[in-house]
Structure formats: structure tokens, C-alpha cells
$ cat model_9.pdb   # PDB, C-alpha atoms and all ligand atoms
MODEL        1
ATOM      1  CA  MET V  14      15.834   1.509  17.528
ATOM      2  CA  GLY V  15      13.394   4.411  17.488
ATOM      3  CA  ASN V  16      14.039   8.159  17.362
ATOM      4  CA  ASN V  17      10.644   9.225  18.722
ATOM      5  CA  LEU V  18       9.698  10.561  15.288
ATOM      6  CA  LEU V  19       6.036   9.755  15.944
ATOM      7  CA  GLN V  20       5.948  10.429  19.683
ATOM      8  CA  GLY V  21       2.372  11.225  20.744
ATOM      9  CA  LYS V  22       0.893  10.562  17.297
ATOM     10  CA  LYS V  23      -2.126   8.337  16.701
ATOM     11  CA  GLY V  24      -2.621   6.210  13.615
ATOM     12  CA  ILE V  25      -4.685   3.642  11.761
ATOM     13  CA  ILE V  26      -2.936   0.929   9.743
ATOM     14  CA  PHE V  27      -4.842  -0.985   7.060
ATOM     15  CA  GLY V  28      -3.588  -4.228   5.518
ATOM     16  CA  ALA V  29      -1.326  -6.083   7.977
ATOM     17  CA  LEU V  30      -2.170  -9.695   7.126
ATOM     18  CA  ASN V  31       0.980 -11.549   8.165
ATOM     19  CA  PRO V  32       4.612 -10.719   9.009
ATOM     20  CA  ASP V  33       5.452 -10.376   5.277
ATOM     21  CA  SER V  34       2.897  -7.585   4.786
ATOM     22  CA  ILE V  35       4.331  -4.125   4.221
ATOM     23  CA  ALA V  36       1.695  -2.788   6.633
ATOM     24  CA  TRP V  37       2.966  -5.161   9.338
ATOM     25  CA  LYS V  38       6.439  -3.600   9.137
ATOM     26  CA  VAL V  39       5.003  -0.083   9.105
ATOM     27  CA  ALA V  40       2.936  -0.819  12.231
ATOM     28  CA  GLU V  41       5.997  -2.185  14.047
ATOM     29  CA  ARG V  42       8.123   0.831  13.046
ATOM     30  CA  ALA V  43       5.403   3.333  13.959
ATOM     31  CA  HIS V  44       5.104   1.717  17.395
ATOM     32  CA  GLU V  45       8.892   1.820  17.780
ATOM     33  CA  GLU V  46       8.806   5.552  16.953
ATOM     34  CA  GLY V  47       6.395   6.242  19.808
ATOM     35  CA  ALA V  48       3.019   6.191  18.017
ATOM     36  CA  THR V  49      -0.146   4.558  19.272
ATOM     37  CA  LEU V  50      -2.300   2.928  16.627
ATOM     38  CA  THR V  51      -5.154   0.638  15.743
ATOM     39  CA  LEU V  52      -4.947  -2.128  13.155
ATOM     40  CA  THR V  53      -7.673  -3.005  10.691
ATOM     41  CA  ASN V  54      -8.387  -5.627   8.068
ATOM     42  CA  THR V  55     -11.365  -7.456   6.551
ATOM     43  CA  PRO V  56     -13.258  -9.971   8.699
ATOM     44  CA  VAL V  57     -12.006 -12.783   6.409
ATOM     45  CA  ALA V  58      -8.399 -11.633   6.725
ATOM     46  CA  LEU V  59      -8.822 -11.480  10.492
ATOM     47  CA  ARG V  60      -9.913 -15.125  10.502
ATOM     48  CA  MET V  61      -7.243 -16.364   8.063
ATOM     49  CA  GLY V  62      -4.339 -14.029   8.871
ATOM     50  CA  GLU V  63      -2.217 -13.145  11.899
ATOM     51  CA  THR V  64      -3.280  -9.544  12.517
ATOM     52  CA  LYS V  65      -4.413 -10.288  16.070
ATOM     53  CA  SER V  66      -0.949 -11.481  17.102
ATOM     54  CA  LEU V  67       0.534  -8.181  15.875
ATOM     55  CA  ALA V  68      -2.073  -6.268  17.854
ATOM     56  CA  ASP V  69      -1.095  -8.208  20.996
ATOM     57  CA  LYS V  70       2.564  -7.450  20.378
ATOM     58  CA  LEU V  71       1.869  -3.726  19.918
ATOM     59  CA  ASN V  72      -0.555  -3.648  22.821
ATOM     60  CA  THR V  73      -3.467  -2.492  20.701
ATOM     61  CA  ILE V  74      -6.677  -3.732  19.107
ATOM     62  CA  VAL V  75      -7.834  -4.847  15.684
ATOM     63  CA  ILE V  76     -11.017  -3.330  14.290
ATOM     64  CA  GLY V  77     -12.607  -5.322  11.480
ATOM     65  CA  ALA V  78     -13.513  -3.245   8.406
ATOM     66  CA  ASP V  79     -14.008  -3.903   4.739
ATOM     67  CA  ALA V  80     -12.444  -0.788   3.176
ATOM     68  CA  THR V  81     -15.044  -0.808   0.393
ATOM     69  CA  LYS V  82     -17.846  -0.306   2.940
ATOM     70  CA  VAL V  83     -18.340   3.260   4.124
ATOM     71  CA  GLU V  84     -20.288   2.123   7.178
ATOM     72  CA  ASP V  85     -17.359  -0.054   8.290
ATOM     73  CA  LEU V  86     -14.979   2.864   7.766
ATOM     74  CA  ASN V  87     -17.178   5.163   9.824
ATOM     75  CA  ASN V  88     -17.108   2.693  12.701
ATOM     76  CA  LEU V  89     -13.372   2.263  12.300
ATOM     77  CA  PHE V  90     -12.588   5.975  12.610
ATOM     78  CA  ILE V  91     -15.027   6.541  15.478
ATOM     79  CA  GLU V  92     -13.780   3.514  17.437
ATOM     80  CA  SER V  93     -10.129   4.336  16.752
ATOM     81  CA  MET V  94     -10.578   7.891  18.067
ATOM     82  CA  GLU V  95     -12.255   6.491  21.183
ATOM     83  CA  VAL V  96      -9.554   3.877  21.823
ATOM     84  CA  LEU V  97      -6.637   6.207  21.049
ATOM     85  CA  GLY V  98      -8.156   9.146  22.904
ATOM     86  CA  GLY V  99      -8.310  11.753  20.150
ATOM     87  CA  LYS V 100      -8.075  12.523  16.464
ATOM     88  CA  ILE V 101      -5.870  10.590  14.070
ATOM     89  CA  ASP V 102      -2.474  11.851  12.832
ATOM     90  CA  PHE V 103      -1.604   9.218  10.230
ATOM     91  CA  VAL V 104      -3.276   6.543   8.124
ATOM     92  CA  LEU V 105      -1.687   3.815   6.004
ATOM     93  CA  HIS V 106      -3.760   2.376   3.130
ATOM     94  CA  SER V 107      -1.964  -0.867   2.263
ATOM     95  CA  ILE V 108      -4.682  -2.695   0.348
ATOM     96  CA  GLY V 109      -4.658  -4.448  -2.996
ATOM     97  CA  MET V 110      -6.585  -7.278  -4.614
ATOM     98  CA  SER V 111      -7.605  -8.253  -8.158
ATOM     99  CA  PRO V 112      -9.966 -11.153  -8.858
ATOM    100  CA  ASN V 113      -8.870 -10.980 -12.529
ATOM    101  CA  VAL V 114      -5.252 -11.609 -11.475
ATOM    102  CA  ARG V 115      -6.330 -14.338  -9.068
ATOM    103  CA  LYS V 116      -8.380 -16.129 -11.721
ATOM    104  CA  GLU V 117      -5.706 -15.539 -14.389
ATOM    105  CA  ARG V 118      -8.031 -13.584 -16.681
ATOM    106  CA  HIS V 119      -6.148 -12.107 -19.622
ATOM    107  CA  TYR V 120      -6.165  -8.286 -19.799
ATOM    108  CA  SER V 121      -7.941  -8.469 -23.177
ATOM    109  CA  ASP V 122     -10.577 -10.787 -21.699
ATOM    110  CA  LEU V 123     -11.363  -9.154 -18.356
ATOM    111  CA  ASP V 124     -14.415 -10.071 -16.327
ATOM    112  CA  TYR V 125     -15.972  -6.647 -15.706
ATOM    113  CA  ASN V 126     -17.519  -7.593 -12.391
ATOM    114  CA  TYR V 127     -14.041  -8.578 -11.285
ATOM    115  CA  LEU V 128     -12.677  -5.297 -12.666
ATOM    116  CA  ASP V 129     -15.232  -3.351 -10.595
ATOM    117  CA  LYS V 130     -14.022  -5.267  -7.549
ATOM    118  CA  THR V 131     -10.342  -4.632  -8.345
ATOM    119  CA  LEU V 132     -10.934  -0.909  -8.670
ATOM    120  CA  ASP V 133     -13.176  -0.700  -5.623
ATOM    121  CA  VAL V 134     -10.849  -2.633  -3.295
ATOM    122  CA  SER V 135      -7.528  -1.339  -4.586
ATOM    123  CA  ALA V 136      -8.311   2.307  -5.434
ATOM    124  CA  VAL V 137     -11.816   3.633  -4.677
ATOM    125  CA  SER V 138     -11.443   2.361  -1.104
ATOM    126  CA  PHE V 139      -8.752   5.045  -0.718
ATOM    127  CA  HIS V 140     -11.293   7.718  -1.638
ATOM    128  CA  LYS V 141     -13.777   6.146   0.788
ATOM    129  CA  VAL V 142     -11.205   6.255   3.593
ATOM    130  CA  LEU V 143     -10.423   9.912   2.900
ATOM    131  CA  GLN V 144     -14.029  11.016   2.466
ATOM    132  CA  THR V 145     -15.092   9.232   5.653
ATOM    133  CA  ALA V 146     -12.234  10.783   7.619
ATOM    134  CA  LYS V 147     -12.977  14.252   6.284
ATOM    135  CA  LYS V 148     -16.697  14.074   7.000
ATOM    136  CA  LEU V 149     -15.972  12.990  10.568
ATOM    137  CA  ASP V 150     -13.157  15.543  10.815
ATOM    138  CA  ALA V 151     -11.171  12.610  12.170
ATOM    139  CA  ILE V 152      -7.671  13.670  11.071
ATOM    140  CA  ASN V 153      -5.643  16.347  12.882
ATOM    141  CA  GLU V 154      -4.206  19.353  11.031
ATOM    142  CA  TRP V 155      -0.906  18.378   9.352
ATOM    143  CA  GLY V 156      -1.930  14.727   9.523
ATOM    144  CA  SER V 157      -0.505  12.411   6.884
ATOM    145  CA  VAL V 158      -2.150   9.714   4.772
ATOM    146  CA  VAL V 159      -0.099   7.288   2.674
ATOM    147  CA  ALA V 160      -1.190   4.609   0.198
ATOM    148  CA  LEU V 161       1.053   2.065  -1.492
ATOM    149  CA  SER V 162       1.415   2.001  -5.259
ATOM    150  CA  TYR V 163       3.516   0.411  -7.995
ATOM    151  CA  VAL V 164       5.307   1.735 -11.097
ATOM    152  CA  ALA V 165       2.858  -0.214 -13.319
ATOM    153  CA  ALA V 166       0.652   2.882 -12.852
ATOM    154  CA  GLN V 167       2.983   4.681 -15.303
ATOM    155  CA  ARG V 168       4.528   1.864 -17.351
ATOM    156  CA  THR V 169       3.264  -1.465 -18.623
ATOM    157  CA  PHE V 170       4.437  -4.586 -16.815
ATOM    158  CA  PHE V 171       3.777  -8.113 -18.036
ATOM    159  CA  GLY V 172       1.297  -9.871 -15.735
ATOM    160  CA  TYR V 173       0.217  -6.846 -13.657
ATOM    161  CA  ASN V 174      -3.120  -6.828 -15.461
ATOM    162  CA  ASP V 175      -5.952  -4.599 -14.173
ATOM    163  CA  MET V 176      -3.981  -3.754 -11.021
ATOM    164  CA  ALA V 177      -2.111  -1.254 -13.239
ATOM    165  CA  ASP V 178      -5.374   0.610 -13.830
ATOM    166  CA  ALA V 179      -6.193   0.466 -10.138
ATOM    167  CA  LYS V 180      -2.807   1.952  -9.211
ATOM    168  CA  SER V 181      -3.238   4.791 -11.747
ATOM    169  CA  LEU V 182      -6.572   5.624 -10.163
ATOM    170  CA  LEU V 183      -5.125   5.345  -6.648
ATOM    171  CA  GLU V 184      -2.387   7.871  -7.484
ATOM    172  CA  SER V 185      -4.923  10.203  -9.086
ATOM    173  CA  ILE V 186      -7.110  10.093  -5.966
ATOM    174  CA  ALA V 187      -4.068  11.074  -3.868
ATOM    175  CA  ARG V 188      -3.654  14.181  -6.033
ATOM    176  CA  SER V 189      -7.336  15.149  -6.276
ATOM    177  CA  PHE V 190      -8.106  14.619  -2.589
ATOM    178  CA  GLY V 191      -4.704  15.967  -1.582
ATOM    179  CA  TYR V 192      -5.647  19.342  -3.032
ATOM    180  CA  ILE V 193      -8.940  19.560  -1.134
ATOM    181  CA  TYR V 194      -7.787  18.085   2.178
ATOM    182  CA  GLY V 195      -4.588  20.138   2.074
ATOM    183  CA  ARG V 196      -6.351  23.393   1.311
ATOM    184  CA  GLU V 197      -9.039  22.912   3.950
ATOM    185  CA  ARG V 198      -7.334  20.999   6.762
ATOM    186  CA  HIS V 199      -3.598  20.887   5.951
ATOM    187  CA  VAL V 200      -3.811  17.112   5.694
ATOM    188  CA  ARG V 201      -1.231  15.678   3.304
ATOM    189  CA  ILE V 202      -1.828  12.725   1.023
ATOM    190  CA  ASN V 203       0.857  10.788  -0.852
ATOM    191  CA  THR V 204       1.464   7.442  -2.490
ATOM    192  CA  ILE V 205       4.686   5.469  -2.192
ATOM    193  CA  SER V 206       5.576   3.490  -5.301
ATOM    194  CA  GLN V 207       7.364   0.500  -3.832
ATOM    195  CA  SER V 208       9.714  -2.089  -5.397
ATOM    196  CA  PRO V 209       8.305  -5.580  -5.925
ATOM    197  CA  THR V 210       8.253  -7.167  -2.479
ATOM    198  CA  LEU V 211       7.662 -10.791  -1.513
ATOM    199  CA  THR V 212       4.248 -10.697   0.219
ATOM    200  CA  THR V 213       0.928 -12.506  -0.171
ATOM    201  CA  ALA V 214      -0.427  -9.856  -2.596
ATOM    202  CA  GLY V 215       2.908  -9.510  -4.424
ATOM    203  CA  SER V 216       3.368 -13.193  -5.104
ATOM    204  CA  GLY V 217      -0.074 -13.291  -6.824
ATOM    205  CA  VAL V 218       1.473 -11.455  -9.799
ATOM    206  CA  LYS V 219       2.394 -13.792 -12.667
ATOM    207  CA  GLY V 220       6.152 -14.406 -12.945
ATOM    208  CA  PHE V 221       6.780 -12.574  -9.668
ATOM    209  CA  ASP V 222      10.117 -14.268  -8.895
ATOM    210  CA  ARG V 223      11.510 -13.148 -12.262
ATOM    211  CA  LEU V 224      10.096  -9.648 -11.805
ATOM    212  CA  LEU V 225      11.896  -9.451  -8.449
ATOM    213  CA  ASP V 226      15.150 -10.591 -10.062
ATOM    214  CA  PHE V 227      14.822  -8.230 -13.052
ATOM    215  CA  SER V 228      14.000  -5.288 -10.868
ATOM    216  CA  GLU V 229      16.914  -6.075  -8.530
ATOM    217  CA  ARG V 230      19.315  -6.111 -11.500
ATOM    218  CA  MET V 231      17.869  -2.904 -12.977
ATOM    219  CA  SER V 232      17.937  -0.846  -9.774
ATOM    220  CA  PRO V 233      21.311   0.738  -8.935
ATOM    221  CA  LEU V 234      20.493   0.447  -5.209
ATOM    222  CA  GLY V 235      18.694  -2.900  -5.536
ATOM    223  CA  ASN V 236      15.069  -3.563  -4.616
ATOM    224  CA  ALA V 237      13.693  -1.781  -1.557
ATOM    225  CA  SER V 238      12.588  -4.222   1.149
ATOM    226  CA  ALA V 239       9.366  -4.057   3.165
ATOM    227  CA  GLU V 240      11.397  -2.877   6.190
ATOM    228  CA  GLU V 241      12.915  -0.063   4.130
ATOM    229  CA  CYS V 242       9.450   0.864   2.885
ATOM    230  CA  ALA V 243       8.355   1.096   6.518
ATOM    231  CA  ASP V 244      11.269   3.437   7.298
ATOM    232  CA  TYR V 245      10.316   5.701   4.392
ATOM    233  CA  THR V 246       6.652   5.672   5.389
ATOM    234  CA  ILE V 247       7.576   6.771   8.921
ATOM    235  CA  THR V 248       9.293   9.874   7.513
ATOM    236  CA  LEU V 249       6.073  10.772   5.683
ATOM    237  CA  PHE V 250       4.044  10.332   8.870
ATOM    238  CA  SER V 251       6.516  12.488  10.798
ATOM    239  CA  ASP V 252       6.642  16.291  11.065
ATOM    240  CA  LEU V 253       9.861  16.303   9.000
ATOM    241  CA  THR V 254       7.878  16.166   5.731
ATOM    242  CA  LYS V 255       5.066  18.630   6.435
ATOM    243  CA  LYS V 256       5.063  20.253   3.008
ATOM    244  CA  VAL V 257       5.083  17.021   1.010
ATOM    245  CA  THR V 258       1.670  16.295  -0.456
ATOM    246  CA  MET V 259      -0.098  15.094  -3.645
ATOM    247  CA  GLN V 260       3.050  13.180  -4.654
ATOM    248  CA  ASN V 261       3.722   9.729  -5.961
ATOM    249  CA  LEU V 262       7.099   8.986  -4.351
ATOM    250  CA  PHE V 263       9.243   6.255  -5.857
ATOM    251  CA  HIS V 264      10.849   3.996  -3.288
ATOM    252  CA  ASP V 265      12.473   1.561  -5.664
ATOM    253  CA  GLY V 266      16.275   1.800  -5.567
ATOM    254  CA  GLY V 267      16.237   3.935  -8.720
ATOM    255  CA  PHE V 268      14.335   1.439 -10.908
ATOM    256  CA  SER V 269      11.784   3.930 -12.253
ATOM    257  CA  ASN V 270      14.458   6.119 -13.889
ATOM    258  CA  MET V 271      16.433   3.261 -15.470
ATOM    259  CA  GLY V 272      16.291   2.107 -19.082
ATOM    260  CA  MET V 273      18.842  -0.716 -19.112
ATOM    261  CA  SER V 274      21.511  -1.655 -16.586
ATOM    262  CA  LEU V 275      24.698  -3.625 -17.131
ATOM    263  CA  ARG V 276      23.559  -6.308 -14.671
ATOM    264  CA  ALA V 277      20.230  -6.800 -16.471
ATOM    265  CA  LEU V 278      21.963  -6.791 -19.874
ATOM    266  CA  GLN V 279      24.429  -9.463 -18.758
ATOM    267  CA  GLN V 280      21.608 -11.672 -17.542
ATOM    268  CA  TYR V 281      19.625 -11.077 -20.734
ATOM    269  CA  GLU V 282      22.643 -12.204 -22.759
ATOM    270  CA  LYS V 283      22.535 -15.533 -20.944
ATOM    271  CA  GLY V 284      19.050 -15.977 -22.420
ATOM    272  CA  LEU V 285      17.151 -16.360 -19.153
ATOM    273  CA  GLY V 286      13.359 -16.635 -19.410
ATOM    274  CA  LEU V 287      12.914 -16.061 -23.135
ATOM    275  CA  ASP V 288      10.695 -19.083 -23.700
ATOM    276  CA  GLU V 289       7.537 -17.831 -21.905
ATOM    277  CA  ASP V 290       4.349 -17.652 -23.982
ATOM    278  CA  GLU V 291       4.081 -13.894 -23.744
ATOM    279  CA  HIS V 292       0.443 -13.713 -24.777
ATOM    280  CA  LYS V 293      -0.876 -15.973 -22.083
ATOM    281  CA  PHE V 294      -1.095 -13.772 -19.000
ATOM    282  CA  ASP V 295      -0.204 -10.180 -19.854
TER     283      ASP V 295
HETATM  284  N1  LIG V 301       4.255  -6.680  -2.709
HETATM  285  C1  LIG V 301       4.602  -5.920  -3.726
HETATM  286  O1  LIG V 301       5.358  -6.307  -4.613
HETATM  287  C2  LIG V 301       4.078  -4.519  -3.796
HETATM  288  C3  LIG V 301       4.746  -3.554  -4.583
HETATM  289  C4  LIG V 301       4.214  -2.269  -4.665
HETATM  290  C5  LIG V 301       3.041  -1.963  -3.997
HETATM  291  N2  LIG V 301       2.416  -2.928  -3.241
HETATM  292  C6  LIG V 301       1.167  -2.582  -2.572
HETATM  293  O2  LIG V 301       1.336  -2.671  -1.184
HETATM  294  C7  LIG V 301       0.058  -2.846  -0.580
HETATM  295  C8  LIG V 301       0.124  -3.947   0.472
HETATM  296  O3  LIG V 301       0.330  -5.181  -0.120
HETATM  297  P1  LIG V 301       1.363  -6.267   0.427
HETATM  298  O4  LIG V 301       2.319  -6.507  -0.667
HETATM  299  O5  LIG V 301       1.858  -5.902   1.771
HETATM  300  O6  LIG V 301       0.448  -7.586   0.490
HETATM  301  P2  LIG V 301      -0.534  -8.191   1.609
HETATM  302  O7  LIG V 301      -1.251  -9.291   0.916
HETATM  303  O8  LIG V 301       0.223  -8.529   2.822
HETATM  304  O9  LIG V 301      -1.537  -6.976   1.927
HETATM  305  C9  LIG V 301      -2.711  -6.721   1.188
HETATM  306  C10 LIG V 301      -3.784  -6.439   2.213
HETATM  307  O10 LIG V 301      -5.001  -5.947   1.614
HETATM  308  C11 LIG V 301      -6.045  -6.393   2.475
HETATM  309  N3  LIG V 301      -7.357  -6.262   1.832
HETATM  310  C12 LIG V 301      -7.818  -6.908   0.719
HETATM  311  N4  LIG V 301      -9.085  -6.542   0.481
HETATM  312  C13 LIG V 301      -9.433  -5.643   1.440
HETATM  313  C14 LIG V 301     -10.616  -4.894   1.731
HETATM  314  N5  LIG V 301     -11.724  -5.013   0.968
HETATM  315  N6  LIG V 301     -10.629  -4.090   2.819
HETATM  316  C15 LIG V 301      -9.525  -3.953   3.623
HETATM  317  N7  LIG V 301      -8.373  -4.635   3.380
HETATM  318  C16 LIG V 301      -8.335  -5.459   2.320
HETATM  319  C17 LIG V 301      -5.634  -7.860   2.693
HETATM  320  O11 LIG V 301      -6.394  -8.482   3.719
HETATM  321  C18 LIG V 301      -4.180  -7.688   3.023
HETATM  322  O12 LIG V 301      -3.978  -7.451   4.397
HETATM  323  C19 LIG V 301      -0.919  -3.094  -1.724
HETATM  324  O13 LIG V 301      -1.555  -1.873  -2.081
HETATM  325  C20 LIG V 301       0.008  -3.523  -2.832
HETATM  326  O14 LIG V 301      -0.554  -3.344  -4.128
HETATM  327  C21 LIG V 301       2.914  -4.169  -3.117
ENDMDL
END
$ encode --input "model_9.pdb" --output "C-alpha cells"
Amino acid sequence: MGNNLLQGKKGIIFGALNPDSIAWKVAERAHEEGATLTLTNTPVALRMGETKSLADKLNTIVIGADATKVEDLNNLFIESMEVLGGKIDFVLHSIGMSPNVRKERHYSDLDYNYLDKTLDVSAVSFHKVLQTAKKLDAINEWGSVVALSYVAAQRTFFGYNDMADAKSLLESIARSFGYIYGRERHVRINTISQSPTLTTAGSGVKGFDRLLDFSERMSPLGNASAEECADYTITLFSDLTKKVTMQNLFHDGGFSNMGMSLRALQQYEKGLGLDEDEHKFD
């Protein structure tokens, strides 16, 4: 049930592919909290995914845009302002993709064209979104922009590959742009570093089921779900967090500050998963 935290606010949500997507849950929660919004995804995702059915449910439209293409982003902001009847108050960047991960390229044998694509889709697109919005002056004062990150930006995780580099860059863009957009327009920019979550993008990571289990055992509060991530995101879009900007905010049940937990130690003692060829996919 909503608390009208986003009553009267207008938003754009990137990345709702199917009901597992974190962006899907955020869009549903934002709607529940009284916001109006547009949804966007790539033309391919719109053909393969279920974004349109979410739009119907939320009584809105989907605007196709490849987030690496500035022209698409321009259209997206202009059309969204037309449809929603004014400037935007919140934006969710929930986009990630690595061809190196998809093709199981080892981190010491990356394809550099793929790496360019990983960085462009998963990180530089965030800069493109922000720069486009700023040039169009499309975001209201005290608006809020959130992108989704992962703790592999700070620490090395088996199998996360070049997405770790993309997340580091994403978090850096939030800081660098957060300074400028905050100073000039009071727009705040943050990243949420979310627990591993079972989604289409998440399950592309090698050994994802074991990562989920490990992270659940390590986190005193357990893994954060996509629904819980949506709740947290809503607080950042709301006026209750107006002075929070340029932060990478961990939403991970405490995982990022743990070294070893009793539950993980007990499982380790049982010898689970020690036979993997550790050089194959890291
Ligand atoms: N699932 C996890 O374990 C987890 C953990 C931490 C952070 N995240 C991050 O959360 C975000 C959302 O991922 P998800 O887990 O909900 O998976 P998802 O697969 O549901 O969402 C990824 C989205 O990115 C979109 N996308 C890909 N290329 C694009 C492009 N060029 N332009 C616009 N959109 C594009 C896809 O169509 C898809 O909708 C990603 O940034 C991901 O890295 C996920």
C-alpha cells in the first residue's frame, strides 16, 4: 500500500524487461506512491520482453530508446515531458550488459570491442542520460536520479568480469556529475549497490546460484530482494532524502561490511563448491 511519497512526481524508468527486473518493481512501487511515469527499453527488449504489459498495467506508454544513443535519449526526454505534462522529477537507470560475460571471455583474454560495449551500455550510458537531461533542462530542481550498482565495483568477485570495471565507472559518474548537477540545479545523483538478485541480467553471471547462497549466508539481514530495492529507491526519489547525493548506497543486508559470518563458515566447513576450476571464468 502506498503512502503518497511520490504524489505529483513524474519519472522515467529504464530497464524493466520482465517481472523479475528490478526496474519493473521500482515502476510498480513508484506508481503505487502516486507518481506518473514513462517506461523505456531498447527496441530489441521491447520485442522480446514484457515491458508493454507493464505499461498497460500502469496506464502509461513505453518509449523505445537505446541508452547508448544520445539522439534516442533526446527523444525520450522530450516525449516523456510531453506525455507527463512537465519536467521530470526522477529517473532510474537500471541497465547492464556485458558481451564478454555473455560469451564467457576470461578477464585476462577480453575482447576489447566487447569491453567498449560493456562500458558504453552499463556505465557511459548513465553519463549520456544525465548530459542529455541537463542540456534539455529536463529535470526539476531537487529531482533525483538513481543507477543500480554492485559491490564488485570495490571488491573482486569471481565471474563478474568486466562488469566490475563498468560498475566502478558508473559510481564515479554519479559522483562527478552529482557535483555539477547538484551545484547548478540541485539535482541529486546516487547509485544503489544491490545484493545479487535473480533476474535476467543477474543470472548471466557465472556461478550465480552459489553467489546468491554465499551472499545470503554472509549478510546478517540476508540478501535484499528486488521488491526491497524498489522500496529503497522510492525513498531516494522522495523529498525525504533531499540532501543525499553523490553517494554509493549499499542495499545488501550488511554484506559489504562483513568479512566472515558463522553461517558462511559452517557451510564452508562442509566443503561445498571447492572443486570448481577457478581459472576458467574469473
Ligand atoms: N540482478 C543482480 O544481481 C544485480 C545486482 C546488483 C545490481 N544489478 C544491476 O541492476 C540493473 C538492472 O538489472 P536487473 O538485474 O534488473 O536485470 P534485467 O536483465 O531485468 O535488466 C537489465 C536491463 O538493461 C536493459 N538494457 C540492456 N542494454 C540496454 C541499452 N543499450 N539501452 C537501454 N537498456 C538496455 C535490458 O533490456 C534490461 O531491461 C543493472 O544495472 C544490474 O547490473 C543487478
$ resolve_selection --input "model_9.pdb" --expression "the PyMOL selection byres (((chain V and resi 217-219) around 7) and not hetatm)" --output "PyMOL selection string"
chain V and resi 114-115+172-173+213-216+220-221
$ residues_near_point --input "model_9.pdb" --point "(-12.6, 14.3, 6.6)" --cutoff "12 Å" --atoms "all atoms listed in the file" --output "JSON, numbers by chain"
{"V": [86, 87, 90, 100, 101, 140, 141, 142, 143, 144, 145, 146, 147, 148, 149, 150, 151, 152, 153, 154, 156, 158, 190, 191, 193, 194, 195, 197, 198, 199, 200, 201]}
$ resolve_selection --input "model_9.pdb" --expression "the PyMOL selection byres (((chain V and resi 250-258) around 10) and not hetatm)" --output "JSON, numbers by chain"
{"V": [17, 18, 19, 20, 22, 24, 43, 46, 102, 103, 104, 105, 155, 156, 157, 158, 159, 187, 188, 191, 192, 194, 195, 199, 200, 201, 202, 203, 204, 245, 246, 247, 248, 249, 259, 260, 261, 262]}
$ resolve_selection --input "model_9.pdb" --expression "the PyMOL selection byres (((chain V and resi 209) around 6) and not hetatm)" --output "number ranges by chain"
V: 208, 210, 225
$ axis_aligned_box --input "model_9.pdb" --around "region 158-173 of chain V" --padding-each-side "5 Å" --output "JSON"
{"center_x": 1.6, "center_y": -0.1, "center_z": -6.9, "size_x": 17.5, "size_y": 29.6, "size_z": 33.4}
$ residues_near_ligand --input "model_9.pdb" --ligand "ligand LIG 301 (chain V)" --cutoff "6 Å" --atoms "all atoms listed in the file" --output "number ranges by chain"
V: 28-30, 34-36, 54-55, 58, 79-81, 107-110, 134, 161-163, 206-215
$ atom_distance --input "model_9.pdb" --atom1 "CA of Ile91 (chain V)" --atom2 "CA of Ser189 (chain V)"
24.6 Å
$ atom_distance --input "model_9.pdb" --atom1 "CA of Tyr127 (chain V)" --atom2 "CA of Asp175 (chain V)"
9.5 Å
$ closest_residue --input "model_9.pdb" --among "V:Asn270, V:Ser121, V:Thr49, V:Gln167" --to "Ser181 (chain V)" --atoms "only C-alpha atoms"
V:Gln167
$ atom_distance --input "model_9.pdb" --atom1 "CA of Leu278 (chain V)" --atom2 "CA of Ala166 (chain V)"
24.4 Å
$ closest_residue --input "model_9.pdb" --among "V:Ala160, V:Leu132, V:Ala68, V:Ile205" --to "Met176 (chain V)" --atoms "all atoms listed in the file"
V:Leu132
$ closest_residue --input "model_9.pdb" --among "V:Glu45, V:Asp129, V:Asp33, V:Glu84" --to "Gly62 (chain V)" --atoms "only C-alpha atoms"
V:Asp33
